[in-house]
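Following: one structure in structure tokens, then a few remarks.
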Amino acid sequence: MTPRQQRLSSFVAPAVTITFAAAMIFAGGSSRVDAPQILVVRLAAIIAIASTLATASPTMLGSFARGTALFLAVLALWVIQLVPLPPSLWLSMPGHAILAQSAVIANEPQPWRPLSLSPDLTIEAMLALMVPVAAIILTLRAPQRWLEQAPLALMILTVLSVALAAGQAAGEPDSALRWYPVSDIDVAPGLLANRNHQGLLVSLGIPSAFIWAMAEKPGRLPLGPRLLIAFAVTALCVIGALITQSRGAMLFVVLGTLLSAAAIRHDIVRQIGARLALVAVSIGTVVIAGIASLALPYQRLTEVVATDDRAYIWADTIKMLWAYFPFGSGGGTFVDTYPRFQGIARLRPEYVNHAHNELLEFISENGLIGMMLIGAGAWMLISRMAQIAREKQSSPLLGSGRLAAILIMLSIVASLVDYPLRAPLMTSLFACAVVILRRARSESHVGAA
């Protein structure tokens, strides 16, 4: 990179990163593609991608070769799904023949069709990839000192979302604090449009607070005040979970607390020593208090468990998966193809927009190749998280890596019963976590050497 490019990059990178982050925070909370904020989100992603590739080193993406290859593989799969096929080949694909009746009824010859049953939705899925790609390349070029502040940044984001949720709960359904046209208006979802997605974000405040508190860095607050702040943030997250009235929030707050203890166990022993028992009791008290507090909305739990349709949606999605296997129905086509497999007894006035299980939905849309891509991604993530988990040394970047591993784990668990990673804000956090995990793992290798 020339000196001129370096000067330009030093000015552009922070401005673009701040712009992208602001767009994700204030416009990236809805998973709906028809939300007006989606234009802001995608414009920010385009600016981030274009400016970063124009000023960054050509070898930047090479440092994230496997992740880049996985993204390109998904993109290539969806491009292939858009290629028109001859009628004989198209009709021979599982699940496609029944759709040929429209041409028969119109007494027209069978046209050439792409493998995707809804090409416009597959194109929409390709456009949605811009957000994680932008987050990845911004994180790849970010200075290490920025990544070391990831726990503090996520903690602040969580506190901001809980504070906004409190304001929403105190206001009217049409309050200016609710800026998404379609959201959970009967509860307070904070920066997101869905209370379950807010529940996941709230739970991430606990590990971020404790990892930030235990990080060793010269010139910081003493350990005692930092731990008090961490416990205060944890209490705030418990309150935030209650505000959402989400069962997922209730579960993830407890999981987040337990994972926090696992992530900082070596730091506790190194920094506290004799006070280990006291801290362990304090963490246990927070967990027990959280569980007790979360048990309060018992009526909400019993009502929703009795009326939840997720198990039926999963069963219908599995039928859909096998109907189109091994090629799938096409990326992003779930909302159009699912009604064919929905049981008549379970029809509702509301349409089912997602399978509430991202693995099932992705495989039903992308078939055997989609299953292989999920396996490849899981193998890469598990190997990197295992490396971080085995590392006993401590550094700010390794702390961010441990937080990234927790974010990835909780997001994947949440995606088995919902679709939080459809919201651009959560997608961006997940993409950043993957890159931070990679960079923290590289540091641990250097330290081991």
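Starting from 1 in every chain, residues are counted up; chains themselves are A, B, ... following the order of the structure tokens, and ligands are numbered from 1 as listed.
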Proximity check range 413-433 of chain A to range 124-144 of chain A, 7 Å, nearest pairs one decimal Å, only C-alpha atoms, as JSON lines:
```
{"residue": "A:Pro424", "atom": "CA", "partner": "A:Val131", "partner_atom": "CA", "distance": 6.5}
{"residue": "A:Thr427", "atom": "CA", "partner": "A:Pro132", "partner_atom": "CA", "distance": 6.1}
{"residue": "A:Ser428", "atom": "CA", "partner": "A:Pro132", "partner_atom": "CA", "distance": 5.4}
{"residue": "A:Ala431", "atom": "CA", "partner": "A:Pro132", "partner_atom": "CA", "distance": 5.5}
{"residue": "A:Cys432", "atom": "CA", "partner": "A:Ile136", "partner_atom": "CA", "distance": 5.7}
```
Using only C-alpha atoms, determine which residues lie at most 9 Å from Thr122 in chain A, disregarding the query and same-chain residues fewer than 6 positions distant; provide the list as a PyMOL selection string. chain A and resi 78-79+81-82+116+330-333
When DSSP is applied to the backbone of this structure, which of range 49-224 of chain A are assigned alpha helix (DSSP H)? Write them out as a VMD selection string. chain A and resid 49 to 55 65 to 81 87 to 92 101 to 105 119 to 128 130 to 141 144 to 148 150 to 170 195 to 214 223 to 224
For a quick check of understanding, using only C-alpha atoms, which of A:Ile49, A:Ala315, A:Val413, A:Ala76 has the smallest distance to Ile369 in chain A? A:Ala76
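Checking A:Pro181, A:Gly399, A:Pro14, A:Gly171 one by one against Ser51 in chain A, counting only C-alpha atoms, you find the shortest gap at A:Pro14.
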Please provide the set of residues having any atom within 6 Å of range 316-326 of chain A, restricted to only C-alpha atoms, with same-chain residues fewer than 4 positions apart removed, written as a ChimeraX atom specification. /A:94-95,341-342,364,367-368
Contacts of Met426 in chain A at 12 Å or less, counting only C-alpha atoms, minus same-chain residues fewer than 6 places along, as a ChimeraX atom specification? /A:21,24-25,27-31,131-132,135,154,157-158,191-194,196-202,204,407-408,410-412,414-415,419-420,432-433
Of the candidates A:Ile206, A:Ile374, A:Ile239, A:Ala166, which shows the shortest atom-to-atom distance to Leu227 in chain A, using only C-alpha atoms?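 Result for the nearest residue to Leu227 in chain A: A:Ile206.
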